[in-house]
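Asks: structure.cif (mmCIF, N, CA and C atoms) pasted underneath:
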```
data_coords
loop_
_atom_site.label_atom_id
_atom_site.label_comp_id
_atom_site.auth_asym_id
_atom_site.auth_seq_id
_atom_site.Cartn_x
_atom_site.Cartn_y
_atom_site.Cartn_z
N MET A 1 110.58 -62.60 41.56
CA MET A 1 110.17 -61.37 42.19
C MET A 1 111.07 -61.06 43.39
N PHE A 2 111.36 -62.06 44.23
CA PHE A 2 112.19 -61.85 45.41
C PHE A 2 113.57 -61.34 45.02
N LYS A 3 114.14 -61.89 43.96
CA LYS A 3 115.47 -61.47 43.50
C LYS A 3 115.46 -60.01 43.05
N ILE A 4 114.43 -59.60 42.34
CA ILE A 4 114.32 -58.22 41.85
C ILE A 4 114.24 -57.25 43.03
N ILE A 5 113.43 -57.60 44.03
CA ILE A 5 113.29 -56.74 45.20
C ILE A 5 114.63 -56.62 45.94
N LYS A 6 115.35 -57.73 46.10
CA LYS A 6 116.65 -57.68 46.78
C LYS A 6 117.65 -56.83 46.00
N GLU A 7 117.64 -56.90 44.67
CA GLU A 7 118.54 -56.07 43.87
C GLU A 7 118.20 -54.60 44.02
N LEU A 8 116.92 -54.27 44.00
CA LEU A 8 116.51 -52.88 44.18
C LEU A 8 116.84 -52.39 45.58
N LEU A 9 116.69 -53.26 46.54
CA LEU A 9 117.03 -52.91 47.91
C LEU A 9 118.48 -52.49 48.01
N GLY A 10 119.37 -53.24 47.39
CA GLY A 10 120.79 -52.89 47.41
C GLY A 10 121.07 -51.57 46.73
N ALA A 11 120.38 -51.30 45.65
CA ALA A 11 120.62 -50.08 44.89
C ALA A 11 120.17 -48.83 45.65
N PHE A 12 119.17 -48.96 46.49
CA PHE A 12 118.61 -47.80 47.18
C PHE A 12 118.81 -47.85 48.69
N TRP A 13 119.77 -48.65 49.17
CA TRP A 13 119.94 -48.89 50.60
C TRP A 13 120.06 -47.60 51.41
N ASN A 14 120.78 -46.62 50.95
CA ASN A 14 120.98 -45.39 51.72
C ASN A 14 119.74 -44.51 51.79
N LEU A 15 118.77 -44.73 50.93
CA LEU A 15 117.56 -43.91 50.90
C LEU A 15 116.41 -44.52 51.70
N ILE A 16 116.56 -45.76 52.12
CA ILE A 16 115.47 -46.50 52.75
C ILE A 16 115.39 -46.17 54.23
N GLN A 17 114.15 -46.07 54.74
CA GLN A 17 113.94 -45.86 56.16
C GLN A 17 114.34 -47.13 56.90
N LYS A 18 115.19 -46.99 57.93
CA LYS A 18 115.66 -48.15 58.68
C LYS A 18 115.38 -47.95 60.15
N PHE A 19 114.94 -49.03 60.80
CA PHE A 19 114.63 -48.98 62.22
C PHE A 19 115.21 -50.22 62.90
N PHE A 20 115.54 -50.09 64.18
CA PHE A 20 115.95 -51.24 64.97
C PHE A 20 115.00 -51.34 66.16
N VAL A 21 114.44 -52.53 66.35
CA VAL A 21 113.55 -52.77 67.48
C VAL A 21 113.98 -54.07 68.16
N ALA A 22 113.67 -54.18 69.44
CA ALA A 22 114.02 -55.39 70.17
C ALA A 22 113.16 -56.56 69.70
N VAL A 23 111.86 -56.33 69.57
CA VAL A 23 110.94 -57.37 69.12
C VAL A 23 110.07 -56.78 68.02
N CYS A 24 110.02 -57.47 66.89
CA CYS A 24 109.15 -57.02 65.79
C CYS A 24 107.72 -57.41 66.13
N ASP A 25 106.87 -56.42 66.27
CA ASP A 25 105.46 -56.62 66.58
C ASP A 25 104.70 -56.51 65.26
N PHE A 26 103.98 -57.58 64.87
CA PHE A 26 103.36 -57.62 63.56
C PHE A 26 102.43 -56.43 63.32
N ALA A 27 101.55 -56.15 64.28
CA ALA A 27 100.59 -55.06 64.10
C ALA A 27 101.29 -53.71 64.03
N ARG A 28 102.28 -53.49 64.86
CA ARG A 28 102.95 -52.19 64.93
C ARG A 28 103.98 -52.02 63.81
N ASN A 29 104.72 -53.06 63.49
CA ASN A 29 105.85 -52.91 62.57
C ASN A 29 105.60 -53.41 61.16
N VAL A 30 104.64 -54.26 60.95
CA VAL A 30 104.39 -54.79 59.60
C VAL A 30 103.09 -54.21 59.05
N ARG A 31 101.99 -54.55 59.69
CA ARG A 31 100.69 -54.11 59.20
C ARG A 31 100.59 -52.58 59.13
N ALA A 32 101.14 -51.89 60.12
CA ALA A 32 101.05 -50.42 60.16
C ALA A 32 101.69 -49.77 58.93
N TYR A 33 102.79 -50.34 58.44
CA TYR A 33 103.44 -49.78 57.25
C TYR A 33 102.47 -49.76 56.07
N PHE A 34 101.74 -50.84 55.90
CA PHE A 34 100.84 -50.95 54.75
C PHE A 34 99.50 -50.25 54.97
N MET A 35 99.21 -49.83 56.19
CA MET A 35 97.95 -49.13 56.46
C MET A 35 98.05 -47.63 56.20
N ASP A 36 99.23 -47.14 55.90
CA ASP A 36 99.41 -45.73 55.54
C ASP A 36 98.46 -45.40 54.39
N SER A 37 97.82 -44.25 54.45
CA SER A 37 96.78 -43.91 53.46
C SER A 37 97.31 -43.88 52.02
N PHE A 38 98.52 -43.38 51.81
CA PHE A 38 99.08 -43.36 50.45
C PHE A 38 99.31 -44.78 49.94
N ARG A 39 99.90 -45.62 50.77
CA ARG A 39 100.15 -47.00 50.35
C ARG A 39 98.84 -47.75 50.13
N ARG A 40 97.85 -47.52 50.99
CA ARG A 40 96.54 -48.17 50.82
C ARG A 40 95.92 -47.75 49.48
N SER A 41 96.07 -46.47 49.11
CA SER A 41 95.49 -46.02 47.85
C SER A 41 96.15 -46.73 46.66
N LEU A 42 97.45 -46.97 46.74
CA LEU A 42 98.13 -47.71 45.67
C LEU A 42 97.68 -49.17 45.62
N LEU A 43 97.49 -49.76 46.80
CA LEU A 43 97.05 -51.15 46.85
C LEU A 43 95.62 -51.31 46.34
N ASN A 44 94.80 -50.28 46.52
CA ASN A 44 93.40 -50.35 46.11
C ASN A 44 93.13 -49.76 44.74
N ASP A 45 94.18 -49.28 44.07
CA ASP A 45 94.04 -48.69 42.74
C ASP A 45 93.71 -49.80 41.73
N GLY A 46 92.54 -49.74 41.14
CA GLY A 46 92.09 -50.77 40.21
C GLY A 46 92.87 -50.81 38.91
N LYS A 47 93.67 -49.78 38.62
CA LYS A 47 94.42 -49.72 37.37
C LYS A 47 95.75 -50.46 37.45
N ARG A 48 96.23 -50.69 38.67
CA ARG A 48 97.55 -51.32 38.85
C ARG A 48 97.40 -52.58 39.68
N ARG A 49 98.27 -53.54 39.41
CA ARG A 49 98.31 -54.77 40.21
C ARG A 49 99.49 -54.63 41.17
N VAL A 50 99.20 -54.11 42.36
CA VAL A 50 100.23 -53.83 43.36
C VAL A 50 100.05 -54.78 44.54
N LEU A 51 101.17 -55.35 44.99
CA LEU A 51 101.17 -56.26 46.13
C LEU A 51 101.88 -55.62 47.32
N ALA A 52 101.40 -55.93 48.51
CA ALA A 52 102.09 -55.56 49.74
C ALA A 52 103.01 -56.72 50.09
N VAL A 53 104.32 -56.45 50.12
CA VAL A 53 105.31 -57.51 50.30
C VAL A 53 106.16 -57.22 51.53
N SER A 54 106.36 -58.26 52.32
CA SER A 54 107.27 -58.18 53.45
C SER A 54 108.25 -59.35 53.33
N ILE A 55 109.53 -59.05 53.45
CA ILE A 55 110.58 -60.07 53.31
C ILE A 55 111.31 -60.20 54.64
N LYS A 56 111.49 -61.44 55.08
CA LYS A 56 112.17 -61.72 56.34
C LYS A 56 113.50 -62.39 56.04
N GLU A 57 114.54 -61.93 56.72
CA GLU A 57 115.85 -62.55 56.55
C GLU A 57 116.51 -62.70 57.92
N ARG A 58 117.09 -63.85 58.16
CA ARG A 58 117.83 -64.07 59.41
C ARG A 58 119.27 -63.66 59.15
N LEU A 59 119.79 -62.73 59.92
CA LEU A 59 121.14 -62.21 59.74
C LEU A 59 122.15 -63.09 60.48
N ASP A 60 123.42 -62.96 60.10
CA ASP A 60 124.49 -63.72 60.76
C ASP A 60 124.57 -63.41 62.25
N THR A 61 124.12 -62.24 62.65
CA THR A 61 124.16 -61.83 64.06
C THR A 61 123.08 -62.53 64.88
N GLY A 62 122.13 -63.19 64.20
CA GLY A 62 121.01 -63.82 64.89
C GLY A 62 119.77 -62.94 64.87
N ASN A 63 119.94 -61.67 64.54
CA ASN A 63 118.80 -60.76 64.42
C ASN A 63 118.03 -61.06 63.14
N TYR A 64 116.84 -60.48 63.06
CA TYR A 64 116.02 -60.59 61.86
C TYR A 64 115.99 -59.23 61.16
N GLN A 65 115.88 -59.28 59.85
CA GLN A 65 115.68 -58.06 59.08
C GLN A 65 114.41 -58.25 58.27
N LEU A 66 113.50 -57.29 58.37
CA LEU A 66 112.27 -57.33 57.60
C LEU A 66 112.24 -56.12 56.68
N VAL A 67 111.91 -56.36 55.43
CA VAL A 67 111.82 -55.30 54.44
C VAL A 67 110.37 -55.25 53.97
N HIS A 68 109.78 -54.06 54.04
CA HIS A 68 108.39 -53.86 53.60
C HIS A 68 108.40 -52.97 52.37
N CYS A 69 107.63 -53.37 51.37
CA CYS A 69 107.55 -52.55 50.16
C CYS A 69 106.28 -52.89 49.39
N LEU A 70 105.99 -52.06 48.41
CA LEU A 70 104.91 -52.31 47.47
C LEU A 70 105.53 -52.76 46.16
N TYR A 71 104.98 -53.81 45.58
CA TYR A 71 105.53 -54.39 44.36
C TYR A 71 104.50 -54.31 43.24
N ASP A 72 104.89 -53.69 42.12
CA ASP A 72 104.02 -53.54 40.95
C ASP A 72 104.22 -54.75 40.05
N GLN A 73 103.21 -55.60 39.97
CA GLN A 73 103.32 -56.82 39.17
C GLN A 73 103.40 -56.55 37.67
N ASP A 74 102.77 -55.46 37.21
CA ASP A 74 102.79 -55.16 35.79
C ASP A 74 104.16 -54.67 35.33
N LYS A 75 104.81 -53.87 36.16
CA LYS A 75 106.13 -53.32 35.81
C LYS A 75 107.27 -54.19 36.33
N ASN A 76 106.92 -55.20 37.17
CA ASN A 76 107.91 -56.12 37.73
C ASN A 76 109.00 -55.37 38.52
N THR A 77 108.53 -54.43 39.35
CA THR A 77 109.47 -53.62 40.12
C THR A 77 108.81 -53.12 41.41
N VAL A 78 109.64 -52.64 42.31
CA VAL A 78 109.13 -52.02 43.53
C VAL A 78 108.52 -50.68 43.14
N VAL A 79 107.37 -50.34 43.72
CA VAL A 79 106.66 -49.12 43.37
C VAL A 79 107.51 -47.88 43.63
N ASP A 80 108.03 -47.74 44.81
CA ASP A 80 108.87 -46.58 45.16
C ASP A 80 109.94 -47.07 46.12
N ALA A 81 111.14 -47.30 45.59
CA ALA A 81 112.22 -47.86 46.40
C ALA A 81 112.55 -46.99 47.60
N GLN A 82 112.37 -45.69 47.47
CA GLN A 82 112.66 -44.79 48.59
C GLN A 82 111.64 -44.95 49.71
N ASP A 83 110.52 -45.56 49.43
CA ASP A 83 109.47 -45.74 50.42
C ASP A 83 109.57 -47.10 51.13
N MET A 84 110.54 -47.92 50.74
CA MET A 84 110.71 -49.20 51.42
C MET A 84 111.12 -48.94 52.86
N GLU A 85 110.75 -49.86 53.73
CA GLU A 85 111.11 -49.74 55.14
C GLU A 85 111.85 -51.01 55.56
N VAL A 86 112.93 -50.85 56.29
CA VAL A 86 113.71 -51.98 56.80
C VAL A 86 113.68 -51.93 58.32
N ILE A 87 113.31 -53.04 58.92
CA ILE A 87 113.31 -53.15 60.37
C ILE A 87 114.26 -54.28 60.75
N THR A 88 115.19 -54.00 61.64
CA THR A 88 116.05 -55.02 62.20
C THR A 88 115.57 -55.27 63.62
N ALA A 89 115.35 -56.54 63.94
CA ALA A 89 114.81 -56.89 65.25
C ALA A 89 115.57 -58.06 65.85
N GLU A 90 115.70 -58.03 67.15
CA GLU A 90 116.34 -59.15 67.84
C GLU A 90 115.45 -60.38 67.82
N GLU A 91 114.13 -60.16 67.89
CA GLU A 91 113.17 -61.26 67.91
C GLU A 91 111.92 -60.89 67.11
N LEU A 92 111.15 -61.91 66.77
CA LEU A 92 109.85 -61.70 66.12
C LEU A 92 108.76 -62.13 67.09
N ASP A 93 107.70 -61.34 67.18
CA ASP A 93 106.60 -61.75 68.05
C ASP A 93 105.89 -62.96 67.45
N SER A 94 105.03 -63.58 68.23
CA SER A 94 104.38 -64.82 67.79
C SER A 94 103.51 -64.60 66.55
N GLU A 95 102.88 -63.44 66.42
CA GLU A 95 102.03 -63.16 65.26
C GLU A 95 102.88 -63.04 63.99
N THR A 96 104.02 -62.38 64.08
CA THR A 96 104.92 -62.28 62.92
C THR A 96 105.42 -63.66 62.53
N GLN A 97 105.81 -64.46 63.50
CA GLN A 97 106.26 -65.83 63.22
C GLN A 97 105.14 -66.64 62.57
N ARG A 98 103.92 -66.49 63.07
CA ARG A 98 102.79 -67.23 62.51
C ARG A 98 102.50 -66.80 61.08
N GLN A 99 102.53 -65.49 60.82
CA GLN A 99 102.23 -64.97 59.48
C GLN A 99 103.25 -65.46 58.45
N PHE A 100 104.53 -65.45 58.81
CA PHE A 100 105.57 -65.89 57.88
C PHE A 100 105.66 -67.41 57.81
N GLY A 101 105.43 -68.08 58.93
CA GLY A 101 105.61 -69.52 58.95
C GLY A 101 107.05 -69.86 58.58
N ASP A 102 107.22 -70.79 57.65
CA ASP A 102 108.55 -71.18 57.19
C ASP A 102 109.02 -70.38 55.98
N ASP A 103 108.20 -69.43 55.54
CA ASP A 103 108.52 -68.65 54.35
C ASP A 103 109.34 -67.41 54.69
N ASP A 104 110.09 -66.93 53.71
CA ASP A 104 110.87 -65.71 53.87
C ASP A 104 110.19 -64.50 53.26
N ILE A 105 109.11 -64.74 52.53
CA ILE A 105 108.39 -63.64 51.90
C ILE A 105 106.91 -63.78 52.23
N LEU A 106 106.30 -62.65 52.52
CA LEU A 106 104.88 -62.63 52.89
C LEU A 106 104.17 -61.64 51.97
N ILE A 107 103.14 -62.11 51.31
CA ILE A 107 102.31 -61.25 50.48
C ILE A 107 101.05 -60.96 51.29
N LEU A 108 100.85 -59.69 51.64
CA LEU A 108 99.68 -59.32 52.44
C LEU A 108 98.56 -58.88 51.52
N GLY A 109 97.38 -59.35 51.79
CA GLY A 109 96.24 -59.02 50.93
C GLY A 109 95.54 -57.77 51.32
#
```
Once you've parsed the file, please lay out its structure as structure tokens.
Replies:
Amino acid sequence: MFKIIKELLGAFWNLIQKFFVAVCDFARNVRAYFMDSFRRSLLNDGKRRVLAVSIKERLDTGNYQLVHCLYDQDKNTVVDAQDMEVITAEELDSETQRQFGDDDILILG
């Protein structure tokens, strides 16, 4: 799944919303993306198996890059690649660090 999302990310890079922040705040920058009413409706749609996915990557610059998207398990693809959000941050707040732990991918319920 992670490989598919990264491939789609590359294909749609110019269409994706990108932001740079000094510190990634979990509530403001991660949870808020998935609380959007349209995205919530897709996550709660009983006909589709959609996951809220956040991917963390440490860049060569020392910054972090987080990619947020919805992933359709039945179609094995990102729901809407143009709706993915990329945040580049110098640091991660303690809540973001706690949520990810040692993992690079976070599935939010």
Asks: Which neighbours of A:Asp74 fall inside 8 Å, counting only N, CA and C atoms, when residues of the same chain fewer than 3 positions from it are skipped, and could you give them as a PDB file with N, CA and C atoms, keeping the file's coordinate frame?
Replies:
```pdb
ATOM      1  N   ARG A  48      96.230 -50.690  38.670  1.00  0.00           N
ATOM      2  CA  ARG A  48      97.550 -51.320  38.850  1.00  0.00           C
ATOM      3  C   ARG A  48      97.400 -52.580  39.680  1.00  0.00           C
ATOM      4  N   ARG A  49      98.270 -53.540  39.410  1.00  0.00           N
ATOM      5  CA  ARG A  49      98.310 -54.770  40.210  1.00  0.00           C
ATOM      6  C   ARG A  49      99.490 -54.630  41.170  1.00  0.00           C
ATOM      7  N   VAL A  50      99.200 -54.110  42.360  1.00  0.00           N
ATOM      8  CA  VAL A  50     100.230 -53.830  43.360  1.00  0.00           C
ATOM      9  C   VAL A  50     100.050 -54.780  44.540  1.00  0.00           C
ATOM     10  N   LEU A  51     101.170 -55.350  44.990  1.00  0.00           N
ATOM     11  CA  LEU A  51     101.170 -56.260  46.130  1.00  0.00           C
ATOM     12  C   LEU A  51     101.880 -55.620  47.320  1.00  0.00           C
ATOM     13  N   TYR A  71     104.980 -53.810  45.580  1.00  0.00           N
ATOM     14  CA  TYR A  71     105.530 -54.390  44.360  1.00  0.00           C
ATOM     15  C   TYR A  71     104.500 -54.310  43.240  1.00  0.00           C
ATOM     16  N   THR A  77     108.530 -54.430  39.350  1.00  0.00           N
ATOM     17  CA  THR A  77     109.470 -53.620  40.120  1.00  0.00           C
ATOM     18  C   THR A  77     108.810 -53.120  41.410  1.00  0.00           C
TER      19      THR A  77
END
```
Asks: Applying the PyMOL selection byres (((chain A and resi 96 and name CA) around 10) and name CA) to the file I just gave you, which residues come out? Please list them as a list of chain:residue names.
Replies: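 This file, filtered by the PyMOL selection byres (((chain A and resi 96 and name CA) around 10) and name CA), leaves A:Val23, A:Cys24, A:Asp25, A:Phe26, A:Ala27, A:Asn29, A:Val30, A:Arg31, A:Lys56, A:Glu91, A:Leu92, A:Asp93, A:Ser94, A:Glu95, A:Gln97, A:Arg98, A:Gln99, A:Phe100, A:Gly101.
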Asks: Can those selected residues be exported to a file as a tab-separated table (two decimals), keeping the file's coordinate frame so that it contains N, CA and C atoms?
Replies:
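What landed in part08.tsv:
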```tsv
chain	number	residue	atom	x	y	z
A	23	VAL	N	111.86	-56.33	69.57
A	23	VAL	CA	110.94	-57.37	69.12
A	23	VAL	C	110.07	-56.78	68.02
A	24	CYS	N	110.02	-57.47	66.89
A	24	CYS	CA	109.15	-57.02	65.79
A	24	CYS	C	107.72	-57.41	66.13
A	25	ASP	N	106.87	-56.42	66.27
A	25	ASP	CA	105.46	-56.62	66.58
A	25	ASP	C	104.70	-56.51	65.26
A	26	PHE	N	103.98	-57.58	64.87
A	26	PHE	CA	103.36	-57.62	63.56
A	26	PHE	C	102.43	-56.43	63.32
A	27	ALA	N	101.55	-56.15	64.28
A	27	ALA	CA	100.59	-55.06	64.10
A	27	ALA	C	101.29	-53.71	64.03
A	29	ASN	N	104.72	-53.06	63.49
A	29	ASN	CA	105.85	-52.91	62.57
A	29	ASN	C	105.60	-53.41	61.16
A	30	VAL	N	104.64	-54.26	60.95
A	30	VAL	CA	104.39	-54.79	59.60
A	30	VAL	C	103.09	-54.21	59.05
A	31	ARG	N	101.99	-54.55	59.69
A	31	ARG	CA	100.69	-54.11	59.20
A	31	ARG	C	100.59	-52.58	59.13
A	56	LYS	N	111.49	-61.44	55.08
A	56	LYS	CA	112.17	-61.72	56.34
A	56	LYS	C	113.50	-62.39	56.04
A	91	GLU	N	114.13	-60.16	67.89
A	91	GLU	CA	113.17	-61.26	67.91
A	91	GLU	C	111.92	-60.89	67.11
A	92	LEU	N	111.15	-61.91	66.77
A	92	LEU	CA	109.85	-61.70	66.12
A	92	LEU	C	108.76	-62.13	67.09
A	93	ASP	N	107.70	-61.34	67.18
A	93	ASP	CA	106.60	-61.75	68.05
A	93	ASP	C	105.89	-62.96	67.45
A	94	SER	N	105.03	-63.58	68.23
A	94	SER	CA	104.38	-64.82	67.79
A	94	SER	C	103.51	-64.60	66.55
A	95	GLU	N	102.88	-63.44	66.42
A	95	GLU	CA	102.03	-63.16	65.26
A	95	GLU	C	102.88	-63.04	63.99
A	97	GLN	N	105.81	-64.46	63.50
A	97	GLN	CA	106.26	-65.83	63.22
A	97	GLN	C	105.14	-66.64	62.57
A	98	ARG	N	103.92	-66.49	63.07
A	98	ARG	CA	102.79	-67.23	62.51
A	98	ARG	C	102.50	-66.80	61.08
A	99	GLN	N	102.53	-65.49	60.82
A	99	GLN	CA	102.23	-64.97	59.48
A	99	GLN	C	103.25	-65.46	58.45
A	100	PHE	N	104.53	-65.45	58.81
A	100	PHE	CA	105.57	-65.89	57.88
A	100	PHE	C	105.66	-67.41	57.81
A	101	GLY	N	105.43	-68.08	58.93
A	101	GLY	CA	105.61	-69.52	58.95
A	101	GLY	C	107.05	-69.86	58.58
```
Asks: So what do you get for atom C of A:Ala81 versus atom N of A:Asn63, distance-wise?
Replies: 23.6 Å
Asks: Work out how far apart atom N of A:Met35 and atom CA of A:Ile107 are and give it in Å to one decimal.
Replies: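 These atoms are spaced 13.1 Å apart.
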Asks: Could you tell me how far atom C of A:Ser41 lies from atom CA of A:Asp102, in Å and to one decimal?
Replies: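 About the pair atom C of A:Ser41 and atom CA of A:Asp102: they are 29.4 Å apart.
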Asks: Which residue, A:Leu59, A:Ala22, A:Val53, A:Cys69, has the smallest gap to A:Glu85 when you use only N, CA and C atoms?
Replies: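 Of the candidates, the smallest distance to A:Glu85 is held by A:Cys69.
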Asks: Pick the closest to A:Asp72 from A:Asn44, A:Arg58, A:Tyr33, A:Ala52: which is it, counting only N, CA and C atoms?
Replies: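 Counting only N, CA and C atoms, the residue closest to A:Asp72 is A:Ala52.
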Asks: Padding of 4 Å on every side, edges along x, y and z, all listed atoms of stretch 45-61 of chain A included: what centre and edge lengths in Å, to one decimal, does that box have, as lines of an AutoDock Vina configuration file?
Replies:
```
center_x = 108.3
center_y = -56.4
center_z = 51.1
size_x = 40.5
size_y = 23.4
size_z = 35.5
```
Asks: With a distance cut-off of 7 Å and all atoms listed in the file, select the neighbouring residues of A:Ser54, excluding the residue or stretch itself and same-chain residues fewer than 4 positions from it, and output the selection as an MDAnalysis selection string.
Replies: chainID A and resid 66:69 104:108
Asks: May I ask which of the residues A:Leu43, A:Ala32, A:Ile55, A:Met84 is the closest one to A:Asp103, counting only C-alpha atoms?
Replies: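 Counting only C-alpha atoms, the residue closest to A:Asp103 is A:Ile55.
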